[in-house]
$ cat coords.pdb   # PDB, C-alpha atoms
ATOM      1  CA  MET A1332       0.089 -10.741  -8.679
ATOM      2  CA  SER A1333       3.684 -10.775  -9.867
ATOM      3  CA  ASP A1334       6.265 -13.143 -11.250
ATOM      4  CA  THR A1335       8.508 -12.412  -8.281
ATOM      5  CA  ALA A1336       8.658 -15.127  -5.628
ATOM      6  CA  PRO A1337       6.655 -14.153  -2.540
ATOM      7  CA  ILE A1338       8.515 -12.990   0.531
ATOM      8  CA  GLU A1339       8.948 -15.726   3.084
ATOM      9  CA  HIS A1340       7.625 -15.020   6.560
ATOM     10  CA  PRO A1341      10.083 -16.664   8.964
ATOM     11  CA  SER A1342       8.413 -18.066  12.049
ATOM     12  CA  TRP A1343      11.516 -17.445  14.169
ATOM     13  CA  LEU A1344      11.175 -13.643  14.025
ATOM     14  CA  THR A1345       9.842 -12.625  17.399
ATOM     15  CA  THR A1346       9.293  -9.342  19.165
ATOM     16  CA  ASP A1347      12.499  -9.735  21.157
ATOM     17  CA  ASP A1348      14.915 -10.344  18.300
ATOM     18  CA  PHE A1349      13.680  -8.218  15.369
ATOM     19  CA  THR A1350      16.501  -5.683  15.886
ATOM     20  CA  THR A1351      19.037  -8.338  14.830
ATOM     21  CA  VAL A1352      17.450  -8.878  11.400
ATOM     22  CA  ASP A1353      19.324  -7.436   8.410
ATOM     23  CA  GLU A1354      16.692  -7.761   5.646
ATOM     24  CA  PRO A1355      13.750  -5.352   6.083
ATOM     25  CA  LEU A1356      11.292  -6.790   3.546
ATOM     26  CA  ARG A1357      11.439 -10.223   5.148
ATOM     27  CA  LEU A1358      10.973  -8.621   8.545
ATOM     28  CA  PHE A1359       7.976  -6.688   7.198
ATOM     29  CA  GLY A1360       6.512  -9.926   5.877
ATOM     30  CA  ALA A1361       6.829 -11.536   9.288
ATOM     31  CA  TRP A1362       5.183  -8.583  11.023
ATOM     32  CA  LEU A1363       2.363  -8.485   8.465
ATOM     33  CA  THR A1364       1.722 -12.192   8.978
ATOM     34  CA  GLU A1365       1.480 -11.654  12.741
ATOM     35  CA  ALA A1366      -0.776  -8.622  12.279
ATOM     36  CA  THR A1367      -3.067 -10.628  10.007
ATOM     37  CA  ALA A1368      -3.583 -13.077  12.859
ATOM     38  CA  THR A1369      -4.129 -10.469  15.595
ATOM     39  CA  GLU A1370      -5.489  -7.269  14.056
ATOM     40  CA  PRO A1371      -9.311  -7.174  14.249
ATOM     41  CA  ARG A1372      -9.787  -5.273  10.980
ATOM     42  CA  ASP A1373      -7.761  -4.452   7.853
ATOM     43  CA  PRO A1374      -4.191  -5.405   8.811
ATOM     44  CA  THR A1375      -3.183  -4.217   5.319
ATOM     45  CA  ALA A1376      -4.462  -0.672   5.944
ATOM     46  CA  MET A1377      -1.752   1.948   5.518
ATOM     47  CA  THR A1378      -1.508   5.704   5.456
ATOM     48  CA  LEU A1379      -0.341   6.979   2.073
ATOM     49  CA  ALA A1380       1.235  10.448   2.029
ATOM     50  CA  THR A1381       1.738  12.425  -1.186
ATOM     51  CA  VAL A1382       2.493  16.050  -2.084
ATOM     52  CA  ASP A1383       0.360  18.380  -4.199
ATOM     53  CA  SER A1384       1.496  21.011  -6.704
ATOM     54  CA  ARG A1385       1.911  23.604  -3.916
ATOM     55  CA  GLY A1386       4.090  21.316  -1.855
ATOM     56  CA  LEU A1387       1.348  20.635   0.690
ATOM     57  CA  PRO A1388       1.179  17.044   1.946
ATOM     58  CA  ASN A1389      -1.925  14.901   1.640
ATOM     59  CA  ALA A1390      -2.535  11.690   3.574
ATOM     60  CA  ARG A1391      -5.250   9.058   3.397
ATOM     61  CA  MET A1392      -5.790   5.385   4.188
ATOM     62  CA  VAL A1393      -5.422   2.811   1.421
ATOM     63  CA  LEU A1394      -5.014  -0.975   1.419
ATOM     64  CA  LEU A1395      -1.806  -2.809   0.623
ATOM     65  CA  LYS A1396      -2.535  -5.209  -2.234
ATOM     66  CA  GLY A1397       0.912  -6.646  -2.840
ATOM     67  CA  VAL A1398       4.438  -6.609  -1.475
ATOM     68  CA  ASP A1399       7.568  -8.267  -2.797
ATOM     69  CA  GLU A1400      11.214  -7.403  -3.329
ATOM     70  CA  ARG A1401      10.201  -4.611  -5.716
ATOM     71  CA  GLY A1402       8.014  -2.712  -3.243
ATOM     72  CA  PHE A1403       4.556  -2.027  -1.835
ATOM     73  CA  VAL A1404       1.533  -1.926  -4.178
ATOM     74  CA  PHE A1405      -1.924  -0.364  -3.959
ATOM     75  CA  TYR A1406      -4.587   0.314  -6.605
ATOM     76  CA  THR A1407      -6.680   3.377  -7.380
ATOM     77  CA  ASN A1408      -8.332   5.554 -10.006
ATOM     78  CA  MET A1409      -5.397   7.349 -11.634
ATOM     79  CA  ASP A1410      -7.522  10.483 -12.109
ATOM     80  CA  SER A1411      -8.030  10.739  -8.341
ATOM     81  CA  GLN A1412      -6.211  13.327  -6.268
ATOM     82  CA  LYS A1413      -3.595  10.823  -5.127
ATOM     83  CA  GLY A1414      -3.144   9.499  -8.654
ATOM     84  CA  GLN A1415      -2.575  12.972 -10.081
ATOM     85  CA  GLU A1416      -0.188  13.864  -7.263
ATOM     86  CA  LEU A1417       1.816  10.670  -7.698
ATOM     87  CA  ASP A1418       2.063  11.163 -11.452
ATOM     88  CA  ALA A1419       3.306  14.741 -10.934
ATOM     89  CA  GLN A1420       5.525  14.029  -7.923
ATOM     90  CA  PRO A1421       6.340  10.288  -7.980
ATOM     91  CA  ARG A1422       7.466   9.989  -4.377
ATOM     92  CA  ALA A1423       5.468   8.849  -1.364
ATOM     93  CA  ALA A1424       5.507   7.686   2.236
ATOM     94  CA  LEU A1425       3.567   4.898   3.924
ATOM     95  CA  VAL A1426       2.763   4.215   7.566
ATOM     96  CA  PHE A1427       1.441   0.934   8.947
ATOM     97  CA  TYR A1428       0.231   0.849  12.543
ATOM     98  CA  TRP A1429      -0.919  -2.356  14.188
ATOM     99  CA  LYS A1430      -2.508  -1.495  17.511
ATOM    100  CA  SER A1431      -2.902  -5.134  18.559
ATOM    101  CA  SER A1432       0.888  -5.585  18.633
ATOM    102  CA  ASN A1433       1.911  -1.953  19.253
ATOM    103  CA  ARG A1434       4.032  -1.869  16.114
ATOM    104  CA  GLN A1435       4.598   0.710  13.410
ATOM    105  CA  VAL A1436       6.376   0.564  10.058
ATOM    106  CA  ARG A1437       7.306   3.628   7.998
ATOM    107  CA  VAL A1438       8.251   3.413   4.312
ATOM    108  CA  ARG A1439       9.541   6.112   1.947
ATOM    109  CA  GLY A1440      10.641   6.032  -1.663
ATOM    110  CA  PRO A1441       9.945   6.750  -5.328
ATOM    111  CA  VAL A1442       6.750   5.547  -6.980
ATOM    112  CA  GLU A1443       6.135   3.741 -10.248
ATOM    113  CA  ARG A1444       3.047   2.348 -11.925
ATOM    114  CA  VAL A1445       2.580  -1.400 -12.025
ATOM    115  CA  SER A1446       2.502  -3.132 -15.393
ATOM    116  CA  GLU A1447      -0.702  -3.498 -17.411
ATOM    117  CA  LYS A1448      -0.523  -7.246 -16.820
ATOM    118  CA  GLU A1449      -0.285  -6.827 -13.049
ATOM    119  CA  ALA A1450      -3.207  -4.390 -13.013
ATOM    120  CA  ASP A1451      -5.359  -6.671 -15.167
ATOM    121  CA  THR A1452      -4.552  -9.693 -13.019
ATOM    122  CA  TYR A1453      -5.447  -7.951  -9.778
ATOM    123  CA  PHE A1454      -8.595  -6.299 -11.162
ATOM    124  CA  ALA A1455      -9.889  -9.717 -12.221
ATOM    125  CA  THR A1456      -9.763 -10.880  -8.575
ATOM    126  CA  ARG A1457     -12.029  -8.095  -7.300
ATOM    127  CA  PRO A1458     -15.715  -8.771  -6.581
ATOM    128  CA  LYS A1459     -17.894  -7.821  -9.550
ATOM    129  CA  GLN A1460     -19.613  -5.018  -7.613
ATOM    130  CA  ALA A1461     -16.212  -3.519  -6.816
ATOM    131  CA  GLN A1462     -15.254  -3.754 -10.484
ATOM    132  CA  ILE A1463     -18.444  -1.937 -11.455
ATOM    133  CA  GLY A1464     -17.795   0.655  -8.773
ATOM    134  CA  ALA A1465     -14.410   1.369 -10.322
ATOM    135  CA  TRP A1466     -16.184   2.279 -13.580
ATOM    136  CA  ALA A1467     -18.907   4.327 -11.889
ATOM    137  CA  SER A1468     -16.753   6.423  -9.563
ATOM    138  CA  LYS A1469     -15.056   9.594 -10.806
ATOM    139  CA  GLN A1470     -12.866   9.453  -7.717
ATOM    140  CA  SER A1471     -12.100  12.808  -6.018
ATOM    141  CA  SER A1472     -14.359  14.732  -8.438
ATOM    142  CA  PRO A1473     -17.345  16.736  -7.111
ATOM    143  CA  LEU A1474     -20.511  14.613  -6.765
ATOM    144  CA  GLU A1475     -23.832  16.408  -7.168
ATOM    145  CA  SER A1476     -25.817  13.803  -5.245
ATOM    146  CA  ARG A1477     -25.742  10.235  -3.968
ATOM    147  CA  LEU A1478     -28.484   9.452  -6.479
ATOM    148  CA  ALA A1479     -26.210  10.422  -9.364
ATOM    149  CA  PHE A1480     -23.622   7.929  -8.154
ATOM    150  CA  GLU A1481     -26.205   5.190  -7.732
ATOM    151  CA  LYS A1482     -27.457   5.826 -11.280
ATOM    152  CA  ALA A1483     -23.907   5.459 -12.595
ATOM    153  CA  VAL A1484     -23.510   2.185 -10.696
ATOM    154  CA  ALA A1485     -26.802   0.914 -12.143
ATOM    155  CA  LEU A1486     -25.745   1.934 -15.648
ATOM    156  CA  TYR A1487     -22.487  -0.007 -15.525
ATOM    157  CA  ALA A1488     -24.133  -2.947 -13.750
ATOM    158  CA  THR A1489     -26.483  -3.217 -16.731
ATOM    159  CA  LYS A1490     -23.688  -2.742 -19.257
ATOM    160  CA  TYR A1491     -21.589  -5.516 -17.705
ATOM    161  CA  ALA A1492     -24.404  -7.765 -16.518
ATOM    162  CA  ILE A1493     -23.081 -10.624 -18.625
ATOM    163  CA  GLY A1494     -19.461 -11.685 -18.901
ATOM    164  CA  GLU A1495     -16.288 -10.319 -17.388
ATOM    165  CA  VAL A1496     -15.865  -6.670 -16.410
ATOM    166  CA  PRO A1497     -12.793  -5.142 -18.096
ATOM    167  CA  ARG A1498     -10.420  -2.940 -16.155
ATOM    168  CA  PRO A1499     -11.123   0.783 -16.650
ATOM    169  CA  PRO A1500      -8.301   2.482 -18.582
ATOM    170  CA  ASN A1501      -7.822   5.027 -15.787
ATOM    171  CA  TRP A1502      -7.621   2.441 -12.992
ATOM    172  CA  SER A1503      -4.307   0.845 -12.095
ATOM    173  CA  GLY A1504      -1.738   0.320  -9.375
ATOM    174  CA  TYR A1505       1.224   2.171  -7.951
ATOM    175  CA  ARG A1506       4.316   0.659  -6.390
ATOM    176  CA  ILE A1507       6.289   2.452  -3.691
ATOM    177  CA  VAL A1508       9.915   1.368  -4.115
ATOM    178  CA  PRO A1509      11.351   1.540  -0.590
ATOM    179  CA  MET A1510      14.509   3.560  -0.028
ATOM    180  CA  SER A1511      13.974   3.626   3.722
ATOM    181  CA  ILE A1512      11.967   1.345   6.022
ATOM    182  CA  GLU A1513      11.709   1.968   9.758
ATOM    183  CA  PHE A1514      10.392  -0.528  12.301
ATOM    184  CA  TRP A1515       9.067   0.640  15.671
ATOM    185  CA  GLN A1516       8.072  -1.579  18.583
ATOM    186  CA  GLU A1517       6.511  -0.161  21.727
ATOM    187  CA  ARG A1518       8.311  -0.929  24.997
ATOM    188  CA  PRO A1519       7.439  -0.111  28.623
ATOM    189  CA  PHE A1520       8.264   3.363  29.912
ATOM    190  CA  ARG A1521       8.711   4.676  26.350
ATOM    191  CA  LEU A1522      11.956   2.732  25.921
ATOM    192  CA  HIS A1523      10.823   1.720  22.441
ATOM    193  CA  ASP A1524      12.851  -0.139  19.819
ATOM    194  CA  ARG A1525      13.455   1.664  16.505
ATOM    195  CA  VAL A1526      15.460   0.275  13.610
ATOM    196  CA  GLU A1527      15.868   2.052  10.284
ATOM    197  CA  PHE A1528      17.028   0.504   7.005
ATOM    198  CA  ARG A1529      18.282   2.757   4.180
ATOM    199  CA  ARG A1530      19.711   2.249   0.714
ATOM    200  CA  GLU A1531      20.859   4.576  -2.051
ATOM    201  CA  ARG A1532      19.361   2.662  -4.991
ATOM    202  CA  PRO A1533      16.768  -0.082  -5.451
ATOM    203  CA  ASP A1534      19.548  -2.556  -6.294
ATOM    204  CA  ALA A1535      21.829  -1.492  -3.431
ATOM    205  CA  SER A1536      22.377  -3.221  -0.114
ATOM    206  CA  TRP A1537      20.526  -2.070   2.974
ATOM    207  CA  ASN A1538      22.263  -0.181   5.780
ATOM    208  CA  LYS A1539      20.750  -0.651   9.229
ATOM    209  CA  THR A1540      20.793   1.892  12.049
ATOM    210  CA  ARG A1541      19.289   1.580  15.500
ATOM    211  CA  LEU A1542      17.613   4.853  16.555
ATOM    212  CA  TYR A1543      16.777   6.432  19.863
ATOM    213  CA  PRO A1544      13.019   6.254  20.517
TER     214      PRO A1544
END
$ encode --input "coords.pdb" --output "structure tokens"
Amino acid sequence: MSDTAPIEHPSWLTTDDFTTVDEPLRLFGAWLTEATATEPRDPTAMTLATVDSRGLPNARMVLLKGVDERGFVFYTNMDSQKGQELDAQPRAALVFYWKSSNRQVRVRGPVERVSEKEADTYFATRPKQAQIGAWASKQSSPLESRLAFEKAVALYATKYAIGEVPRPPNWSGYRIVPMSIEFWQERPFRLHDRVEFRRERPDASWNKTRLYP
């Protein structure tokens, strides 16, 4: 989904030595690869936290659709609650939790929209019914009835019955540019491992700190 080379997932990264790693995005890639093999459902599921106009936080589950050196990407209707909040306050936090391996990753940083090309490329990979659903759903808006939604789906299914489904103009992706990434590994007797990586700018080097659990 991007021109950036994918992050390598080193096979040598194990539970016992992750605290020695100095590059967080490669470590995340290794953990995600392991979670993909062990997690029974949606290893890419992550909690996305945003802030509304009153300063109140909102959190919901979304799916990670891309990660590289630039950050973590998900897609949504930009008119949705999260889209409006991110456009007004372009900062967010993510939490991954993989119960099968007792691991957690926390990410915080500014948010930017992906390019039109990236959004088009990803949208083209979605199943056609999901593409139609993106047109039919006025995400986060009041819905008078389930029937009304089904009628909208039927309308767009008819409209785009033949040929490719274009990406809706209000549907795109957001990238969380990580300024901090924390890795947490459960240990017996609550003697967990926690390592935090921080940087001042997206082009700056990472500083690593081991934290008390």
$ closest_atom_pairs --input "coords.pdb" --of "stretch 1449-1529 of chain A" --to "stretch 1391-1398 of chain A" --cutoff "10 Å" --atoms "all atoms listed in the file" --output "Markdown table"
| residue | atom | partner | partner_atom | distance |
| --- | --- | --- | --- | --- |
| A:Tyr1453 | CA | A:Lys1396 | CA | 8.5 |
| A:Gly1504 | CA | A:Lys1396 | CA | 9.1 |
| A:Arg1506 | CA | A:Val1398 | CA | 8.8 |
| A:Ile1507 | CA | A:Val1398 | CA | 9.5 |
$ atom_distance --input "coords.pdb" --atom1 "atom CA of A:Leu1486" --atom2 "atom CA of A:Ser1471"
19.9 Å
$ closest_residue --input "coords.pdb" --among "A:Ser1384, A:Ser1476, A:Gln1415, A:Thr1375" --to "A:Leu1363" --atoms "only C-alpha atoms"
A:Thr1375
$ closest_residue --input "coords.pdb" --among "A:Phe1514, A:Phe1520, A:Trp1429, A:Tyr1406" --to "A:Ser1446" --atoms "all atoms listed in the file"
A:Tyr1406
$ resolve_selection --input "coords.pdb" --expression "the PyMOL selection byres ((chain A and resi 1350) around 12)" --output "CSV table (one decimal) with C-alpha atoms, in the coordinates of the input"
chain,number,residue,atom,x,y,z
A,1344,LEU,CA,11.2,-13.6,14.0
A,1345,THR,CA,9.8,-12.6,17.4
A,1346,THR,CA,9.3,-9.3,19.2
A,1347,ASP,CA,12.5,-9.7,21.2
A,1348,ASP,CA,14.9,-10.3,18.3
A,1349,PHE,CA,13.7,-8.2,15.4
A,1351,THR,CA,19.0,-8.3,14.8
A,1352,VAL,CA,17.4,-8.9,11.4
A,1353,ASP,CA,19.3,-7.4,8.4
A,1354,GLU,CA,16.7,-7.8,5.6
A,1355,PRO,CA,13.8,-5.4,6.1
A,1358,LEU,CA,11.0,-8.6,8.5
A,1513,GLU,CA,11.7,2.0,9.8
A,1514,PHE,CA,10.4,-0.5,12.3
A,1515,TRP,CA,9.1,0.6,15.7
A,1516,GLN,CA,8.1,-1.6,18.6
A,1523,HIS,CA,10.8,1.7,22.4
A,1524,ASP,CA,12.9,-0.1,19.8
A,1525,ARG,CA,13.5,1.7,16.5
A,1526,VAL,CA,15.5,0.3,13.6
A,1527,GLU,CA,15.9,2.1,10.3
A,1528,PHE,CA,17.0,0.5,7.0
A,1539,LYS,CA,20.8,-0.7,9.2
A,1540,THR,CA,20.8,1.9,12.0
A,1541,ARG,CA,19.3,1.6,15.5
A,1542,LEU,CA,17.6,4.9,16.6
$ closest_residue --input "coords.pdb" --among "A:Ser1536, A:Thr1378, A:Thr1407, A:Gln1420" --to "A:Ala1461" --atoms "only C-alpha atoms"
A:Thr1407
$ resolve_selection --input "coords.pdb" --expression "the PyMOL selection byres ((chain A and resi 1442) around 12)" --output "VMD selection string"
chain A and resid 1379 to 1381 1401 to 1405 1413 to 1414 1416 to 1425 1438 to 1441 1443 to 1445 1504 to 1510 1533
$ atom_distance --input "coords.pdb" --atom1 "atom CA of A:Val1436" --atom2 "atom CA of A:Asp1410"
28.0 Å
$ closest_residue --input "coords.pdb" --among "A:Tyr1543, A:Ala1450, A:Ala1488, A:Leu1356" --to "A:Ser1511" --atoms "only C-alpha atoms"
A:Leu1356
$ atom_distance --input "coords.pdb" --atom1 "atom CA of A:Pro1374" --atom2 "atom CA of A:Tyr1428"
8.5 Å
$ closest_residue --input "coords.pdb" --among "A:Asp1451, A:Gln1460, A:Trp1362, A:Ile1493" --to "A:Phe1427" --atoms "all atoms listed in the file"
A:Trp1362
$ closest_residue --input "coords.pdb" --among "A:Ala1455, A:Ile1512, A:Leu1478, A:Ala1467" --to "A:Gly1494" --atoms "only C-alpha atoms"
A:Ala1455
$ resolve_selection --input "coords.pdb" --expression "the PyMOL selection byres ((chain A and resi 1501) around 8)" --output "number ranges by chain"
A: 1408-1410, 1499-1500, 1502-1503
$ axis_aligned_box --input "coords.pdb" --around "stretch 1459-1475 of chain A" --padding-each-side "6 Å" --output "AutoDock Vina command-line options"
--center_x -18.0 --center_y 4.5 --center_z -9.8 --size_x 23.7 --size_y 36.6 --size_z 19.6
